[in-house]
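The structure appears right after this line, and notes come after that.
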Amino acid sequence: MAAGTSLPRPKDTTMHSPSRTFTGFGFLVGLLALSVIGCGGDDAGTGAPGQHATGASGGVSGAGSFGGQGAASGFGGQSGSAPCADTDAPDADGTDDNCDGADGVVGTDVHVASTGADTNPGTPDAPMRTIPKALELAHVRSAKVLLGGGEFEVTSLSQAGDIEIHGGYAEAFSGKRQASSSTLKASSPEGVVVSEASSVLLDTLSIVGVPAKEASQRSSQALVLDVGSSRLFNVHVEAGAGLSGGAGEDGAAGTSGKDGNGPYGATQLSCDGSIQPSFAFGANAGSKNSAGAVAGNCGSKIAASAGAPGISGGDGANASSLASFENGVLRWSDAADAPDDAKPGFGGAGGGSCAPANLAAGAGSGGCPGSPGTGGESGGGAIGIVVLQGKLVLEASNIRTGFGGDGGNGGKGGAGGPGGKSGKPACPYGFDCTQITQTCTPATDPWKSNCAPWGGVGGPGGDGGHGGGGVGGWSVGIVTIGAATSEYDSATTFDLGAPGKGGDGAGGIRAANGEKRKQWALP
């Protein structure tokens with residue numbers, strides 16, 4: 001709609017003022033009277049509102065116009081003042097059609113101002129203060145609510161029957177109305193919640209939400225409609241920004257496996273208080289491990305086999321882009337935690353028996369698995385209007401939203417713990433025992449047996465899985481739930497903020513970014 005163009009009137013609300021256009025009918029009658037009567041007396045003009053009026057002009061009797069404007073001067077049919085109408089529906093110009101001092105029906109319609117008091121009768125001179133109380137009185141009177149200038153903090157508007165709220169008035173409740181003059185300010189990210197009514201008309205006002213602040217309500221909404229039908233005319237709706245989701249927690253690293261004890265392999269491996277399967281235990285000297293890996297062999301100079309690494313855990317799934325309406329707000333579910341399915345490492349094979357006798361050592365156990373990472377939280381949306389039931393119609397309105405919140409990154413899985421070491425081979429009589437170290441390398445092997453007497457080290461535990469990434473919050477003008485519907489005319493505009501970005505998931509795969517939509521229907 002071009003700047004400066006008057007907004008259309010609501011189709012089902014009478015907002016047109018009576019006609020004030022007058023014709024030259026009085027002028028023609030005056031000329032006719034002059035040709036017939038000639039010179040006349042100096043008569044005073046007469047005429048009741050809406051009646052034909054006569055009068056004198058320069059000694060000539062003339063007929064006034066039939067314009068419904070009160071007394072009219074005789075010659076030329078000039079216009080006078082308008083008659084008073086029986087009713088006075090709110091109109092864009094705030095015209096006092098019924099001559100009671102203000103727009104609306106004074107004494108019936110309920111006038112509200114930010115400087116008023118709820119103990120007042122709701123007249124222009126003594127307005128009420130809060131909209132919920134005004135709606136209660138308007139319901140009793142079968143009347144409308146008219147808002148003056150200022151900001152009105154609102155949590156919910158719950159009233160049976162038909163609700164009409166007309167805003168944008170100046171202090172005197174007359175004159176041209178502006179949507180920016182009357183603001184309904186939401187007290188929470190849930191927005192202004194309207195419920196119980198059969199129908200709702202909101203006209204020439206602003207509804208402003210607040211940014212999301214808490215993890216329990218990461219979306220910001222300006223208006224929620226839970227009514228039979230609703231219509232917004234010349235209404236500015238503005239939602240705050242969504243809150244970004246938090247990152248998932250990284251998993252803890254697994255603890256190390258146990259070392260062998262002399263010729264005996266390490267057993268009873270406990271990870272986070274839970275005894276691990278027997279495959280994680282280290283084998284005794286001269287024995288294969290549970291996976292069949294061979295023990296050390298001194299004659300062939302074959303070192304004992306180390307245990308194989310444990311299996312790494314699976315990754316958590318990224319969050320879904322499908323939203324739901326929960327706890328009063330639109331929300332996206334958080335990403336999945338990685339499952340706790342990583343396995344410990346296998347125990348090592350035992351060391352070989354070498355001369356001098358009884359030198360072989362048992363193997364170390366496998367390391368404990370790393371803990372899984374948790375999923376990232378999804379970002380909150382920036383939503384102008386949520387329609388829970390009925391049909392919403394917008395005319396000549398505007399919806400603006402803040403930014404959607406970013407999704408949180410998934411937590412990284414913890415690294416598996418290292419495997420345990422072998423037991424220390426026995427020291428033969430007369431041998432320098434300082435040459436027998438706990439950990440053997442070919443360079444430090446005093447018997448040059450390729451460390452065959454030493455048991456194999458345990459395998460490292462599996463790494464924990466990566467938590468999924470949270471999705472980015474959406475930026476949406478109107479969200480309808482279930483069977484609810486919405487439509488808007490060509491004069492309605494949308495100014496939507498950027499949606500949020502998705503968080504990092506497993507393997508560097510990001511969760512979905514948020515989207516920007518004028519309308520979005522959810523099942």
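FYI, nothing fancy with the structure tokens labels: chains A, B, ... in order, residues from 1 per chain, ligands from 1 as they appear.
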
Write out as a PDB file with C-alpha atoms, in the first residue's frame which residues come within 6 Å of stretch 296-305 of chain A when counting only C-alpha atoms, dropping same-chain ones fewer than 4 positions away.
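Okay, around_20.pdb is ready:
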```pdb
ATOM      1  CA  ALA A 349      48.064 -62.332  25.350  1.00  0.00           C
ATOM      2  CA  GLY A 351      54.217 -63.672  27.748  1.00  0.00           C
ATOM      3  CA  GLY A 352      56.294 -66.710  26.677  1.00  0.00           C
ATOM      4  CA  CYS A 354      61.946 -68.517  28.544  1.00  0.00           C
ATOM      5  CA  SER A 449      64.202 -62.215  22.798  1.00  0.00           C
ATOM      6  CA  ASN A 450      62.132 -59.491  21.161  1.00  0.00           C
ATOM      7  CA  CYS A 451      60.458 -58.996  24.565  1.00  0.00           C
ATOM      8  CA  ALA A 452      58.829 -62.423  24.289  1.00  0.00           C
ATOM      9  CA  GLY A 455      52.740 -60.159  28.185  1.00  0.00           C
ATOM     10  CA  GLY A 456      50.890 -58.063  25.633  1.00  0.00           C
TER      11      GLY A 456
END
```

Spatial neighbours of A:Asp226, max dist 8 Å, only C-alpha atoms, sep filter under 6 positions, as a PyMOL selection string | chain A and resi 193-196+387-390

Residues as selected, N, CA and C atoms, written as a PDB file, in the first residue's frame, can you do that?
```pdb
ATOM      1  N   VAL A 193      -1.713 -14.147  24.955  1.00  0.00           N
ATOM      2  CA  VAL A 193      -2.535 -15.317  24.677  1.00  0.00           C
ATOM      3  C   VAL A 193      -4.009 -14.919  24.749  1.00  0.00           C
ATOM      4  N   VAL A 194      -4.732 -15.088  23.644  1.00  0.00           N
ATOM      5  CA  VAL A 194      -6.156 -14.766  23.585  1.00  0.00           C
ATOM      6  C   VAL A 194      -6.937 -16.078  23.503  1.00  0.00           C
ATOM      7  N   SER A 195      -7.876 -16.278  24.426  1.00  0.00           N
ATOM      8  CA  SER A 195      -8.579 -17.560  24.471  1.00  0.00           C
ATOM      9  C   SER A 195     -10.040 -17.374  24.868  1.00  0.00           C
ATOM     10  N   GLU A 196     -10.817 -18.446  24.715  1.00  0.00           N
ATOM     11  CA  GLU A 196     -12.216 -18.601  25.102  1.00  0.00           C
ATOM     12  C   GLU A 196     -13.205 -17.871  24.209  1.00  0.00           C
ATOM     13  N   VAL A 387      -1.548 -19.785  15.758  1.00  0.00           N
ATOM     14  CA  VAL A 387      -3.000 -19.984  15.706  1.00  0.00           C
ATOM     15  C   VAL A 387      -3.279 -21.428  16.107  1.00  0.00           C
ATOM     16  N   LEU A 388      -3.917 -21.608  17.258  1.00  0.00           N
ATOM     17  CA  LEU A 388      -4.173 -22.952  17.769  1.00  0.00           C
ATOM     18  C   LEU A 388      -5.498 -23.524  17.272  1.00  0.00           C
ATOM     19  N   GLN A 389      -6.438 -22.671  16.922  1.00  0.00           N
ATOM     20  CA  GLN A 389      -7.708 -23.149  16.389  1.00  0.00           C
ATOM     21  C   GLN A 389      -8.363 -22.025  15.590  1.00  0.00           C
ATOM     22  N   GLY A 390      -9.375 -22.395  14.790  1.00  0.00           N
ATOM     23  CA  GLY A 390     -10.132 -21.409  14.037  1.00  0.00           C
ATOM     24  C   GLY A 390      -9.359 -20.854  12.858  1.00  0.00           C
TER      25      GLY A 390
END
```

Contact residues around A:Lys185 with only C-alpha atoms at 6 Å, ignoring same-chain residues under 3 positions, as an MDAnalysis selection string = chainID A and resid 152:154 208

Residues from the last selection, C-alpha atoms, saved as a compact mmCIF listing (two decimals), in the first residue's frame:
```
# COMPACT_ATOMS: atom_id res chain seq x y z
CA PHE A 152 -0.35 -2.08 28.19
CA GLU A 153 1.45 -5.13 29.62
CA VAL A 154 -0.66 -8.20 28.92
CA VAL A 208 5.04 -6.66 20.88
```

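Excluding A:Thr267 itself and any same-chain residue fewer than 3 positions from it, the protein and nucleic acid residues within 9 Å of it, counting only C-alpha atoms, are A:Lys258, A:Gly260, A:Tyr264, A:Ser278, A:Ala280, A:Phe281, A:Gly282, A:Ala283, A:Gly347, A:Gly364, A:Ser365.
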
Given the choices A:Asp315, A:Asp96, A:Asp91, A:Glu326, which gets closest to A:Gln217 if the distance is worked out from only C-alpha atoms?
->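 Closest residue, counting only C-alpha atoms: A:Glu326.
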
Can you tell me, as a list in words, what residues are no more than 9 Å from stretch 434-437 of chain A when counting only C-alpha atoms, ignoring any on the same chain fewer than 3 positions away?
->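 After dropping sequence-adjacent residues, the list is Lys424, Pro425, Ala426, Cys427, Phe431, Cys440, Thr444, Asp445 and Pro446 of chain A.
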
Those same residues, written as a PDB file, in the first residue's frame with C-alpha atoms?
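Output saved as out_19.pdb:
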```pdb
ATOM      1  CA  LYS A 424      57.008 -57.753  35.066  1.00  0.00           C
ATOM      2  CA  PRO A 425      58.851 -61.003  34.325  1.00  0.00           C
ATOM      3  CA  ALA A 426      60.500 -62.723  37.287  1.00  0.00           C
ATOM      4  CA  CYS A 427      64.135 -62.037  37.995  1.00  0.00           C
ATOM      5  CA  PHE A 431      70.658 -61.722  37.532  1.00  0.00           C
ATOM      6  CA  CYS A 440      60.056 -53.740  27.279  1.00  0.00           C
ATOM      7  CA  THR A 444      65.950 -52.719  26.461  1.00  0.00           C
ATOM      8  CA  ASP A 445      65.408 -56.503  26.344  1.00  0.00           C
ATOM      9  CA  PRO A 446      68.281 -58.032  28.383  1.00  0.00           C
TER      10      PRO A 446
END
```

Could you jot down the atom CA of A:Leu201 to atom CA of A:Ser475 separation for me, Å, one decimal place?
-> 25.0 Å

Could you pull the residues within 8 Å of A:Thr401, counting only C-alpha atoms, minus those fewer than 3 positions along the same chain, as a ChimeraX atom specification?
-> /A:238-241,382-384,475-477,495-497

Selection to disk with N, CA and C atoms, as an mmCIF file, in the first residue's frame:
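Wrote it out as part.cif, contents follow:
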```cif
data_model
loop_
_atom_site.group_PDB
_atom_site.id
_atom_site.type_symbol
_atom_site.label_atom_id
_atom_site.label_comp_id
_atom_site.auth_asym_id
_atom_site.auth_seq_id
_atom_site.Cartn_x
_atom_site.Cartn_y
_atom_site.Cartn_z
ATOM 1 N N GLU A 238 5.005 -7.812 16.473
ATOM 2 C CA GLU A 238 6.465 -7.886 16.497
ATOM 3 C C GLU A 238 6.927 -8.888 17.546
ATOM 4 N N ALA A 239 7.597 -9.958 17.099
ATOM 5 C CA ALA A 239 8.129 -10.975 18.005
ATOM 6 C C ALA A 239 9.587 -10.690 18.315
ATOM 7 N N GLY A 240 10.017 -11.090 19.513
ATOM 8 C CA GLY A 240 11.419 -10.950 19.883
ATOM 9 C C GLY A 240 12.274 -12.043 19.257
ATOM 10 N N ALA A 241 13.527 -12.092 19.630
ATOM 11 C CA ALA A 241 14.465 -13.074 19.079
ATOM 12 C C ALA A 241 14.386 -14.386 19.850
ATOM 13 N N ALA A 382 11.576 -17.392 16.220
ATOM 14 C CA ALA A 382 10.999 -16.048 16.353
ATOM 15 C C ALA A 382 9.683 -16.079 15.588
ATOM 16 N N ILE A 383 8.562 -16.111 16.313
ATOM 17 C CA ILE A 383 7.256 -16.389 15.729
ATOM 18 C C ILE A 383 6.312 -15.213 15.981
ATOM 19 N N GLY A 384 5.734 -14.686 14.905
ATOM 20 C CA GLY A 384 4.801 -13.580 15.071
ATOM 21 C C GLY A 384 3.514 -14.017 15.729
ATOM 22 N N SER A 475 12.225 -18.578 11.663
ATOM 23 C CA SER A 475 11.643 -17.235 11.713
ATOM 24 C C SER A 475 10.361 -17.273 10.880
ATOM 25 N N VAL A 476 9.206 -17.180 11.554
ATOM 26 C CA VAL A 476 7.922 -17.416 10.887
ATOM 27 C C VAL A 476 6.921 -16.326 11.262
ATOM 28 N N GLY A 477 6.180 -15.865 10.258
ATOM 29 C CA GLY A 477 5.142 -14.878 10.527
ATOM 30 C C GLY A 477 3.952 -15.482 11.227
ATOM 31 N N ASP A 495 8.181 -8.807 7.702
ATOM 32 C CA ASP A 495 9.581 -8.398 7.863
ATOM 33 C C ASP A 495 10.223 -9.383 8.835
ATOM 34 N N LEU A 496 10.733 -10.480 8.295
ATOM 35 C CA LEU A 496 11.181 -11.603 9.114
ATOM 36 C C LEU A 496 12.688 -11.594 9.297
ATOM 37 N N GLY A 497 13.122 -11.853 10.530
ATOM 38 C CA GLY A 497 14.545 -11.908 10.832
ATOM 39 C C GLY A 497 15.185 -13.182 10.310
#
```

Nearest to A:Asp97: which of A:Leu243, A:His466, A:Thr123, A:Ser174 is it, counting only C-alpha atoms?
->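 The answer is A:Ser174, which sits nearest to A:Asp97.
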
List the neighbours of A:Asp463 out to 10 Å using only C-alpha atoms; skip same-chain residues closer than 5 positions along the sequence, and give me the result as a PyMOL selection string.
-> chain A and resi 251-254+309-314+341-344+368-372+412-417

Same residues, C-alpha atoms, output as a PDB file, in the first residue's frame:
```
ATOM      1  CA  GLY A 251      32.123 -37.339  27.174  1.00  0.00           C
ATOM      2  CA  ALA A 252      34.817 -38.216  29.723  1.00  0.00           C
ATOM      3  CA  ALA A 253      37.871 -40.193  28.686  1.00  0.00           C
ATOM      4  CA  GLY A 254      37.941 -43.855  29.684  1.00  0.00           C
ATOM      5  CA  PRO A 309      41.023 -51.770  20.540  1.00  0.00           C
ATOM      6  CA  GLY A 310      37.470 -51.684  21.803  1.00  0.00           C
ATOM      7  CA  ILE A 311      34.597 -50.785  19.494  1.00  0.00           C
ATOM      8  CA  SER A 312      33.768 -47.073  19.430  1.00  0.00           C
ATOM      9  CA  GLY A 313      30.298 -45.938  20.333  1.00  0.00           C
ATOM     10  CA  GLY A 314      27.608 -44.795  17.911  1.00  0.00           C
ATOM     11  CA  ASP A 341      27.609 -48.501  23.578  1.00  0.00           C
ATOM     12  CA  ALA A 342      31.382 -48.124  23.298  1.00  0.00           C
ATOM     13  CA  LYS A 343      33.306 -51.249  24.376  1.00  0.00           C
ATOM     14  CA  PRO A 344      36.471 -51.745  26.417  1.00  0.00           C
ATOM     15  CA  CYS A 368      37.765 -48.607  29.576  1.00  0.00           C
ATOM     16  CA  PRO A 369      35.606 -47.006  26.856  1.00  0.00           C
ATOM     17  CA  GLY A 370      35.130 -43.256  26.615  1.00  0.00           C
ATOM     18  CA  SER A 371      31.785 -41.793  27.693  1.00  0.00           C
ATOM     19  CA  PRO A 372      29.340 -40.625  25.013  1.00  0.00           C
ATOM     20  CA  LYS A 412      32.345 -34.943  21.524  1.00  0.00           C
ATOM     21  CA  GLY A 413      32.762 -38.497  22.751  1.00  0.00           C
ATOM     22  CA  GLY A 414      35.456 -39.209  25.325  1.00  0.00           C
ATOM     23  CA  ALA A 415      38.610 -41.010  24.191  1.00  0.00           C
ATOM     24  CA  GLY A 416      38.983 -44.640  25.176  1.00  0.00           C
ATOM     25  CA  GLY A 417      41.365 -45.336  28.039  1.00  0.00           C
TER      26      GLY A 417
END
```

Pick out each residue of stretch 70-225 of chain A that DSSP on the backbone tags as helix (DSSP H, G or I); I need them as a ChimeraX atom specification.
-> /A:131-141,179-181

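Relative to atom CA of A:Lys448, atom CA of A:Gly423 is found at 18.3 Å.
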
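Taking atom CA of A:Gly375 and atom CA of A:Ser256 as the two end points, the separation is 25.9 Å.
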